[in-house]
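> Structure file structure.cif (mmCIF, C-alpha atoms) right here:
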```
data_query
loop_
_atom_site.label_atom_id
_atom_site.label_comp_id
_atom_site.auth_asym_id
_atom_site.auth_seq_id
_atom_site.Cartn_x
_atom_site.Cartn_y
_atom_site.Cartn_z
CA MET E 3 4.70 -1.98 -17.99
CA PRO E 4 7.25 -1.89 -15.13
CA VAL E 5 6.41 -3.74 -11.93
CA GLU E 6 6.97 -2.16 -8.51
CA PHE E 7 7.46 -4.29 -5.41
CA ILE E 8 6.59 -2.81 -2.02
CA GLY E 9 7.31 -4.40 1.34
CA MET E 10 6.59 -3.15 4.84
CA ILE E 11 8.88 -2.27 7.73
CA GLY E 12 8.32 -1.75 11.44
CA VAL E 13 10.24 -0.40 14.40
CA LYS E 14 10.39 -3.49 16.60
CA ARG E 15 10.58 -7.23 16.02
CA GLU E 16 7.07 -8.70 16.09
CA GLY E 17 5.74 -12.23 15.80
CA GLY E 18 8.68 -14.34 16.87
CA ASP E 19 6.50 -17.39 16.19
CA GLY E 20 6.29 -16.56 12.48
CA ALA E 21 2.68 -15.37 12.63
CA ALA E 22 2.95 -11.58 12.77
CA VAL E 23 -0.12 -9.79 11.46
CA HIS E 24 1.11 -6.27 12.27
CA VAL E 25 4.63 -4.82 12.15
CA ILE E 26 4.12 -1.19 13.15
CA GLY E 27 3.63 -1.27 16.92
CA GLY E 28 5.93 -1.08 19.91
CA ASP E 29 8.88 0.95 21.07
CA VAL E 30 11.55 1.96 18.56
CA ASP E 31 14.50 -0.39 18.14
CA THR E 32 16.73 1.62 15.80
CA GLY E 33 18.99 -1.34 15.08
CA TRP E 34 16.06 -3.52 14.10
CA LEU E 35 14.61 -0.75 11.94
CA ARG E 36 17.95 -0.33 10.14
CA ASP E 37 18.33 -4.08 9.57
CA PHE E 38 14.70 -4.46 8.45
CA ALA E 39 15.05 -1.71 5.84
CA GLN E 40 18.41 -2.99 4.63
CA ALA E 41 16.95 -6.50 4.27
CA HIS E 42 14.28 -5.17 1.92
CA GLU E 43 16.86 -3.29 -0.10
CA GLN E 44 18.98 -6.44 -0.33
CA ALA E 45 15.92 -8.45 -1.39
CA GLY E 46 15.22 -6.17 -4.34
CA PHE E 47 12.13 -4.33 -3.13
CA ASP E 48 11.58 -0.94 -4.72
CA ARG E 49 9.82 0.64 -1.76
CA VAL E 50 8.59 -0.16 1.74
CA LEU E 51 5.44 0.94 3.49
CA VAL E 52 5.78 2.69 6.84
CA GLY E 53 2.45 2.14 8.53
CA TYR E 54 0.29 4.39 10.70
CA THR E 55 -1.84 3.86 13.76
CA SER E 56 -2.97 6.28 16.44
CA THR E 57 -0.50 4.72 18.90
CA ALA E 58 2.51 3.91 16.68
CA ALA E 59 5.84 5.66 16.12
CA ASP E 60 5.86 8.67 13.78
CA GLY E 61 6.23 7.52 10.17
CA PHE E 62 8.17 10.55 8.93
CA VAL E 63 10.89 10.05 11.54
CA VAL E 64 10.92 6.30 10.94
CA ALA E 65 11.35 6.80 7.20
CA ALA E 66 14.08 9.40 7.69
CA HIS E 67 16.09 7.04 9.91
CA ALA E 68 15.67 4.07 7.57
CA ALA E 69 16.53 6.17 4.50
CA ALA E 70 19.76 7.30 6.16
CA HIS E 71 20.84 3.65 6.32
CA THR E 72 19.83 2.64 2.77
CA GLU E 73 20.85 3.90 -0.64
CA ARG E 74 18.23 2.84 -3.19
CA LEU E 75 15.12 1.81 -1.23
CA SER E 76 12.16 4.23 -1.33
CA TYR E 77 9.59 4.83 1.41
CA LEU E 78 5.80 4.93 1.27
CA ILE E 79 4.72 6.79 4.41
CA ALA E 80 1.16 6.20 5.59
CA HIS E 81 -0.38 9.58 6.39
CA ARG E 82 -3.76 10.37 7.91
CA PRO E 83 -5.04 13.83 6.89
CA GLY E 84 -6.68 15.98 9.51
CA PHE E 85 -4.22 15.92 12.40
CA VAL E 86 -1.56 18.15 10.88
CA ALA E 87 -2.36 21.23 8.80
CA PRO E 88 -1.73 20.64 5.09
CA THR E 89 0.63 23.62 5.05
CA VAL E 90 2.82 21.95 7.68
CA ALA E 91 2.59 18.54 6.01
CA ALA E 92 3.53 19.99 2.62
CA ARG E 93 6.74 21.48 3.98
CA THR E 94 7.59 18.38 6.02
CA VAL E 95 7.16 16.02 3.08
CA ALA E 96 8.97 18.28 0.61
CA THR E 97 11.88 18.59 3.03
CA LEU E 98 12.03 14.84 3.51
CA ASP E 99 11.95 14.38 -0.25
CA HIS E 100 15.16 16.39 -0.49
CA VAL E 101 16.80 14.73 2.51
CA THR E 102 16.16 11.27 1.00
CA ASN E 103 17.09 12.31 -2.54
CA GLY E 104 13.56 11.82 -3.86
CA ARG E 105 12.77 8.52 -2.16
CA VAL E 106 9.43 9.26 -0.47
CA ALA E 107 5.76 8.89 -1.32
CA LEU E 108 2.62 9.30 0.78
CA HIS E 109 0.00 6.63 1.34
CA ILE E 110 -3.18 8.53 2.19
CA ILE E 111 -5.35 6.64 4.70
CA THR E 112 -8.30 8.74 5.79
CA GLY E 113 -9.35 6.35 8.55
CA GLY E 114 -11.91 3.59 8.67
CA SER E 115 -12.23 3.15 12.43
CA ASP E 116 -13.89 5.60 14.81
CA ALA E 117 -11.80 4.19 17.68
CA GLU E 118 -8.60 5.06 15.81
CA GLN E 119 -9.81 8.57 15.06
CA THR E 120 -10.99 9.45 18.55
CA ARG E 121 -7.66 8.44 20.10
CA ASP E 122 -6.27 11.49 18.31
CA GLY E 123 -9.28 13.65 19.12
CA ASP E 124 -11.13 13.39 15.80
CA TRP E 125 -14.89 13.00 16.13
CA VAL E 126 -16.13 13.72 12.60
CA ASP E 127 -18.05 11.05 10.70
CA HIS E 128 -16.77 8.88 7.87
CA ASP E 129 -17.96 10.88 4.87
CA THR E 130 -16.93 14.17 6.46
CA ARG E 131 -13.43 12.80 6.90
CA TYR E 132 -13.23 12.15 3.17
CA ARG E 133 -14.45 15.65 2.32
CA ARG E 134 -11.70 16.94 4.58
CA THR E 135 -9.15 14.70 2.83
CA ASP E 136 -10.28 16.03 -0.54
CA GLU E 137 -9.64 19.62 0.53
CA TYR E 138 -6.43 18.67 2.33
CA LEU E 139 -4.90 17.06 -0.76
CA SER E 140 -5.92 19.97 -2.97
CA VAL E 141 -4.05 22.36 -0.67
CA LEU E 142 -1.10 19.98 -0.38
CA ARG E 143 -0.60 19.71 -4.13
CA ARG E 144 -1.03 23.46 -4.61
CA LEU E 145 1.63 24.21 -2.01
CA TRP E 146 4.04 21.89 -3.82
CA SER E 147 3.64 23.78 -7.08
CA ALA E 148 2.52 27.37 -6.30
CA PRO E 149 5.16 29.92 -7.39
CA GLU E 150 3.81 32.54 -4.98
CA PRO E 151 1.66 32.76 -1.82
CA PHE E 152 -2.08 32.13 -2.12
CA ASP E 153 -5.19 32.46 0.02
CA HIS E 154 -7.51 29.55 0.67
CA GLU E 155 -10.91 29.40 2.35
CA GLY E 156 -12.69 26.06 2.35
CA GLU E 157 -14.94 23.94 4.52
CA PHE E 158 -12.12 22.81 6.80
CA TYR E 159 -9.11 25.05 6.21
CA ARG E 160 -8.52 28.77 5.89
CA PHE E 161 -5.11 30.21 5.03
CA VAL E 162 -3.83 33.65 4.11
CA ARG E 163 -0.72 33.84 1.93
CA ALA E 164 0.03 30.14 2.32
CA PHE E 165 3.33 29.18 0.74
CA SER E 166 6.14 26.64 0.89
CA GLU E 167 9.62 27.78 -0.06
CA VAL E 168 10.73 24.16 -0.30
CA LYS E 169 9.23 22.20 -3.20
CA PRO E 170 9.48 18.43 -3.68
CA LEU E 171 12.61 17.20 -5.40
CA GLN E 172 10.59 14.77 -7.51
CA PRO E 173 9.15 16.36 -10.67
CA GLY E 174 5.38 16.67 -10.34
CA GLY E 175 5.50 16.42 -6.58
CA VAL E 176 5.62 13.53 -4.14
CA PRO E 177 3.52 10.57 -5.41
CA LEU E 178 0.22 10.00 -3.63
CA TYR E 179 -0.95 6.45 -3.05
CA PHE E 180 -4.49 6.13 -1.73
CA GLY E 181 -6.33 3.46 0.23
CA GLY E 182 -10.08 3.24 0.78
CA ALA E 183 -12.93 1.17 -0.65
CA SER E 184 -16.04 3.16 0.29
CA ARG E 185 -17.89 5.31 -2.23
CA ALA E 186 -16.62 8.45 -0.55
CA ALA E 187 -13.06 7.13 -0.64
CA VAL E 188 -13.14 6.17 -4.31
CA GLU E 189 -14.37 9.62 -5.34
CA VAL E 190 -11.50 11.33 -3.53
CA ALA E 191 -9.01 8.79 -4.86
CA ALA E 192 -10.19 9.40 -8.42
CA ARG E 193 -9.53 13.11 -8.07
CA HIS E 194 -6.11 12.96 -6.41
CA CYS E 195 -4.24 9.66 -6.36
CA ASP E 196 -1.30 8.58 -8.49
CA VAL E 197 -1.65 4.97 -7.29
CA TYR E 198 -4.89 3.42 -6.04
CA ALA E 199 -4.30 0.65 -3.49
CA LEU E 200 -6.45 -2.48 -3.28
CA TRP E 201 -6.37 -5.28 -0.76
CA GLY E 202 -6.02 -8.84 -2.01
CA GLU E 203 -9.43 -9.68 -3.41
CA PRO E 204 -10.38 -12.31 -6.02
CA LEU E 205 -9.36 -11.50 -9.58
CA ALA E 206 -12.87 -10.79 -10.84
CA ALA E 207 -13.50 -8.31 -8.03
CA VAL E 208 -10.14 -6.59 -8.62
CA LYS E 209 -10.87 -6.29 -12.34
CA GLU E 210 -14.22 -4.68 -11.55
CA ARG E 211 -12.70 -2.20 -9.10
CA ILE E 212 -9.93 -1.22 -11.50
CA ALA E 213 -12.49 -0.44 -14.19
CA ASP E 214 -14.47 1.63 -11.70
CA ILE E 215 -11.56 3.75 -10.44
CA HIS E 216 -10.29 4.36 -13.96
CA ALA E 217 -13.74 5.45 -15.14
CA ARG E 218 -14.09 7.85 -12.21
CA ALA E 219 -10.55 9.19 -12.56
CA ALA E 220 -11.00 9.81 -16.28
CA ARG E 221 -13.44 12.61 -15.41
CA PHE E 222 -10.48 14.46 -13.91
CA GLY E 223 -8.07 13.58 -16.70
CA ARG E 224 -6.30 11.01 -14.53
CA HIS E 225 -5.36 7.34 -14.94
CA PRO E 226 -3.90 6.09 -11.65
CA ARG E 227 -1.69 3.05 -11.41
CA ILE E 228 -3.05 0.17 -9.35
CA SER E 229 -1.52 -1.54 -6.32
CA VAL E 230 -2.66 -4.82 -4.79
CA SER E 231 -1.61 -6.06 -1.34
CA LEU E 232 -1.15 -9.77 -0.63
CA ARG E 233 0.54 -12.13 1.85
CA PRO E 234 2.56 -14.81 0.01
CA ILE E 235 3.09 -18.06 1.90
CA ILE E 236 5.65 -20.07 -0.05
CA ALA E 237 7.54 -23.34 0.39
CA PRO E 238 9.52 -25.73 -1.84
CA THR E 239 6.44 -27.90 -2.45
CA GLU E 240 2.75 -27.04 -2.59
CA ALA E 241 1.98 -29.48 0.24
CA GLN E 242 4.58 -27.80 2.45
CA ALA E 243 3.15 -24.38 1.62
CA TRP E 244 -0.35 -25.40 2.68
CA GLU E 245 1.02 -27.00 5.84
CA ARG E 246 2.84 -23.78 6.63
CA ALA E 247 -0.32 -21.74 5.94
CA ARG E 248 -2.40 -23.84 8.32
CA GLY E 249 0.28 -23.48 11.01
CA ILE E 250 0.25 -19.70 10.63
CA LEU E 251 -3.54 -19.64 10.89
CA ALA E 252 -3.45 -21.66 14.12
CA ARG E 253 -0.93 -19.27 15.68
CA VAL E 254 -2.83 -16.18 14.52
CA ILE E 255 -6.03 -17.49 16.09
CA GLU E 256 -4.19 -18.28 19.31
CA THR E 257 -2.57 -14.84 19.64
CA ARG E 258 -4.92 -12.45 17.84
CA PRO E 259 -5.52 -9.16 19.67
CA ALA E 260 -8.84 -8.28 21.22
CA ALA E 261 -8.96 -4.97 19.34
CA ALA E 262 -11.93 -3.26 17.75
CA GLY E 263 -12.61 -4.72 14.34
CA GLU E 264 -10.27 -7.68 14.79
CA GLY E 265 -11.21 -11.25 15.47
CA ALA E 266 -13.66 -13.86 14.27
CA GLY E 267 -17.26 -12.75 14.11
CA LEU E 268 -16.50 -9.04 14.41
CA ARG E 269 -17.81 -6.69 11.72
CA PRO E 270 -15.08 -4.15 10.94
CA GLN E 271 -15.95 -0.56 10.11
CA ALA E 272 -13.59 -0.19 7.15
CA VAL E 273 -15.31 -1.13 3.89
CA GLY E 274 -12.15 -2.79 2.54
CA ALA E 275 -11.89 -5.03 5.61
CA ARG E 276 -15.59 -5.91 5.39
CA ARG E 277 -15.08 -6.95 1.77
CA LEU E 278 -12.31 -9.37 2.81
CA VAL E 279 -14.56 -10.90 5.46
CA ASP E 280 -17.35 -11.33 2.90
CA PHE E 281 -15.03 -13.03 0.42
CA ALA E 282 -13.85 -15.34 3.21
CA ARG E 283 -17.45 -16.30 3.92
CA GLU E 284 -17.97 -17.11 0.24
CA ALA E 285 -15.02 -19.49 -0.02
CA GLU E 286 -11.83 -20.52 1.72
CA ILE E 287 -9.90 -20.40 -1.57
CA HIS E 288 -10.46 -18.15 -4.59
CA ASP E 289 -8.65 -18.39 -7.92
CA LYS E 290 -6.67 -21.50 -6.86
CA ARG E 291 -4.25 -19.64 -4.53
CA LEU E 292 -6.03 -16.75 -2.75
CA TRP E 293 -6.54 -18.10 0.77
CA THR E 294 -8.95 -16.25 3.08
CA PRO E 295 -9.15 -17.92 6.55
CA ILE E 296 -6.59 -15.59 8.19
CA ALA E 297 -8.58 -12.60 6.95
CA ALA E 298 -11.70 -14.18 8.46
CA ALA E 299 -9.91 -14.81 11.75
CA MET E 300 -8.79 -11.18 11.93
CA GLY E 301 -12.10 -9.65 10.92
CA GLY E 302 -10.48 -8.38 7.73
CA ALA E 303 -7.83 -6.39 9.58
CA GLY E 304 -4.17 -6.36 8.69
CA ASN E 305 -4.44 -7.03 4.95
CA THR E 306 -4.49 -10.77 5.55
CA THR E 307 -5.53 -12.56 2.35
CA ALA E 308 -2.70 -14.90 1.32
CA LEU E 309 -1.34 -16.55 -1.81
CA VAL E 310 -0.25 -20.09 -1.00
CA GLY E 311 2.03 -22.34 -3.06
CA THR E 312 5.52 -22.84 -4.40
CA PRO E 313 7.42 -19.73 -5.52
CA GLU E 314 6.55 -20.57 -9.13
CA GLN E 315 2.85 -20.97 -8.33
CA VAL E 316 2.66 -17.75 -6.30
CA ALA E 317 4.61 -15.87 -8.98
CA GLU E 318 2.02 -17.03 -11.50
CA ALA E 319 -0.76 -15.82 -9.20
CA LEU E 320 0.90 -12.41 -8.79
CA LEU E 321 1.26 -12.16 -12.56
CA ASN E 322 -2.48 -12.75 -12.89
CA TYR E 323 -2.99 -9.53 -10.91
CA TYR E 324 -0.32 -7.81 -12.99
CA ASP E 325 -2.21 -8.83 -16.14
CA LEU E 326 -5.29 -7.05 -14.78
CA GLY E 327 -3.28 -3.83 -14.45
CA CYS E 328 -1.79 -4.10 -10.93
CA SER E 329 1.69 -2.80 -11.67
CA THR E 330 2.46 -2.35 -7.95
CA LEU E 331 2.58 -5.48 -5.79
CA LEU E 332 2.67 -4.94 -2.03
CA ILE E 333 3.80 -8.23 -0.51
CA ARG E 334 4.69 -9.00 3.08
CA GLY E 335 4.82 -12.15 5.12
CA PHE E 336 3.91 -13.39 8.56
CA ASP E 337 7.60 -13.88 9.39
CA PRO E 338 8.42 -10.33 8.29
CA LEU E 339 12.22 -10.25 8.04
CA ASN E 340 12.82 -13.83 6.90
CA ASP E 341 9.94 -13.72 4.44
CA ALA E 342 11.24 -10.49 2.89
CA LEU E 343 14.61 -12.13 2.30
CA GLU E 344 12.98 -15.28 0.94
CA TYR E 345 10.82 -13.26 -1.45
CA GLY E 346 14.01 -11.62 -2.70
CA ARG E 347 15.60 -15.02 -3.40
CA GLU E 348 12.64 -17.04 -4.60
CA LEU E 349 9.71 -14.87 -5.69
CA ILE E 350 10.57 -11.35 -6.85
CA PRO E 351 13.13 -12.51 -9.47
CA LEU E 352 10.56 -14.84 -11.06
CA VAL E 353 7.99 -12.07 -11.45
CA ARG E 354 10.51 -9.52 -12.70
CA ALA E 355 11.92 -11.97 -15.27
CA GLU E 356 8.49 -12.76 -16.67
CA VAL E 357 7.49 -9.09 -16.82
CA ALA E 358 10.76 -8.31 -18.63
CA ARG E 359 10.15 -11.17 -21.07
CA ARG E 360 6.66 -9.89 -21.85
CA ASP E 361 7.86 -6.33 -22.28
CA HIS E 362 10.58 -7.49 -24.65
CA ALA E 363 8.09 -9.52 -26.65
CA ALA E 364 5.72 -6.55 -26.84
CA ARG E 365 8.50 -4.31 -28.17
CA LEU E 366 9.43 -6.86 -30.83
CA ALA E 367 5.88 -7.57 -31.94
CA PRO E 368 5.29 -4.36 -34.01
CA HIS E 369 8.62 -4.83 -35.84
CA GLU E 370 7.80 -8.45 -36.58
CA GLN E 371 4.43 -7.41 -37.98
CA GLU E 372 6.03 -4.78 -40.20
CA ALA E 373 8.82 -7.04 -41.51
CA PRO E 374 8.36 -7.75 -45.24
CA ARG E 375 7.62 -11.28 -46.32
CA ARG E 376 10.15 -13.11 -48.45
#
```
Any chance you could put this one into structure tokens?

Amino acid sequence: MPVEFIGMIGVKREGGDGAAVHVIGGDVDTGWLRDFAQAHEQAGFDRVLVGYTSTAADGFVVAAHAAAHTERLSYLIAHRPGFVAPTVAARTVATLDHVTNGRVALHIITGGSDAEQTRDGDWVDHDTRYRRTDEYLSVLRRLWSAPEPFDHEGEFYRFVRAFSEVKPLQPGGVPLYFGGASRAAVEVAARHCDVYALWGEPLAAVKERIADIHARAARFGRHPRISVSLRPIIAPTEAQAWERARGILARVIETRPAAAGEGAGLRPQAVGARRLVDFAREAEIHDKRLWTPIAAAMGGAGNTTALVGTPEQVAEALLNYYDLGCSTLLIRGFDPLNDALEYGRELIPLVRAEVARRDHAARLAPHEQEAPRR
């Protein structure tokens, strides 16, 4: 099973002290964006996430600029349904798919914070947002494949002779990744997603959630791939890695933003973030390497569970998630540019080599079993 590595890019240098939790805010520095994307391509990442907030730069424009300065790297654009009509989004994404030569995917994030939603004028409740996302994605996919105009009348959208002359370059349409841990989110993900994205939880919890999404998706004839998001903190020795981790935690606590849902003691609205806080309360370390104090300090925000150790130890931990079925590994560091380059030198090659070795062994196994005895 191939492994996909995803990083994350931003538009402006953040966290000069090596303790950046977020990378998507600030004014646009086009030179930094170009260099950040090229660094990920050089490091061997397959794709990078372009994040979304209600105050950040537009992800479609960011991805278009970065794609113009890279050749192989693909882009996972976070997209929040409900603020642009699905007819408009379908044409925008299909056009960008052609402009980038098939290097885009969408990461559907319906929204887990009322404060985020109301900044853009959205006042509907959590479950209603997911019903809207369900309808939105149905229209989106239909526009990407419909050979002729169609009418649509649903709970949230009504169109007459909706049509997109431009279809995605990628066969089957632009891939849809999906984030969300609530019951409402999982139901919509099961119906629509190509890749279901998990935050870095303990192995037993991830195994349970994979079984759940696959069981739900099977009702729709689907079997989504699984992504897991983690923050590797690596160093030449294990002691140095833990020292580095504690230093990052101290700087995160010192500089953390006073934003809704972020900070020690705050109860975030997003179910996925609440789960990280709960795991942090259970234990500081899960499964030998999954370290939770930064997630606790940030109230679960920012995808902040870490894997701490030497490159070999963290590679082994990532492979444990791969063994559960997580074929997409979203990894990013607290020193975003330098960590991406270090992952490319020290971490990604180890995981790829082991996956290739296992795949080779799996291909040989049936032939070895069939070989006649002498």
> Going by the chain IDs and residue numbers used in this file, which residues fall under the PyMOL selection byres ((chain E and resi 25-28) around 9)? Write them as a PyMOL selection string.
chain E and resi 10-17+22-24+29-31+52-55+57-59+338
> Would you translate the PyMOL selection byres ((chain E and resi 295) around 8) into the concrete set of residues it matches in this file, as a list in words?
Leu251, Ala282, Glu286, Trp293, Thr294, Ile296, Ala297, Ala298, Ala299 and Thr307 of chain E
> Which one of E:Phe7, E:Trp34, E:Phe158, E:Phe336 sits closest to Pro234 of chain E if you count only C-alpha atoms?
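The closest residue to Pro234 of chain E is E:Phe336.
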> Under the rule that only C-alpha atoms are counted, which of E:Ser231, E:Thr120, E:Thr72, E:Thr102 is the nearest residue to Thr330 of chain E?
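Smallest separation from Thr330 of chain E among the options: E:Ser231.
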> What does the structure give for the distance between atom CA of Val310 of chain E and atom CA of Ala363 of chain E, in Å to one decimal?
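Atom-to-atom, atom CA of Val310 of chain E and atom CA of Ala363 of chain E are spaced 29.0 Å apart.
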> Expressed in Å to a single decimal, how great is the separation between atom CA of Leu142 of chain E and atom CA of Ala275 of chain E?
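Calculated distance between atom CA of Leu142 of chain E and atom CA of Ala275 of chain E is 27.9 Å.
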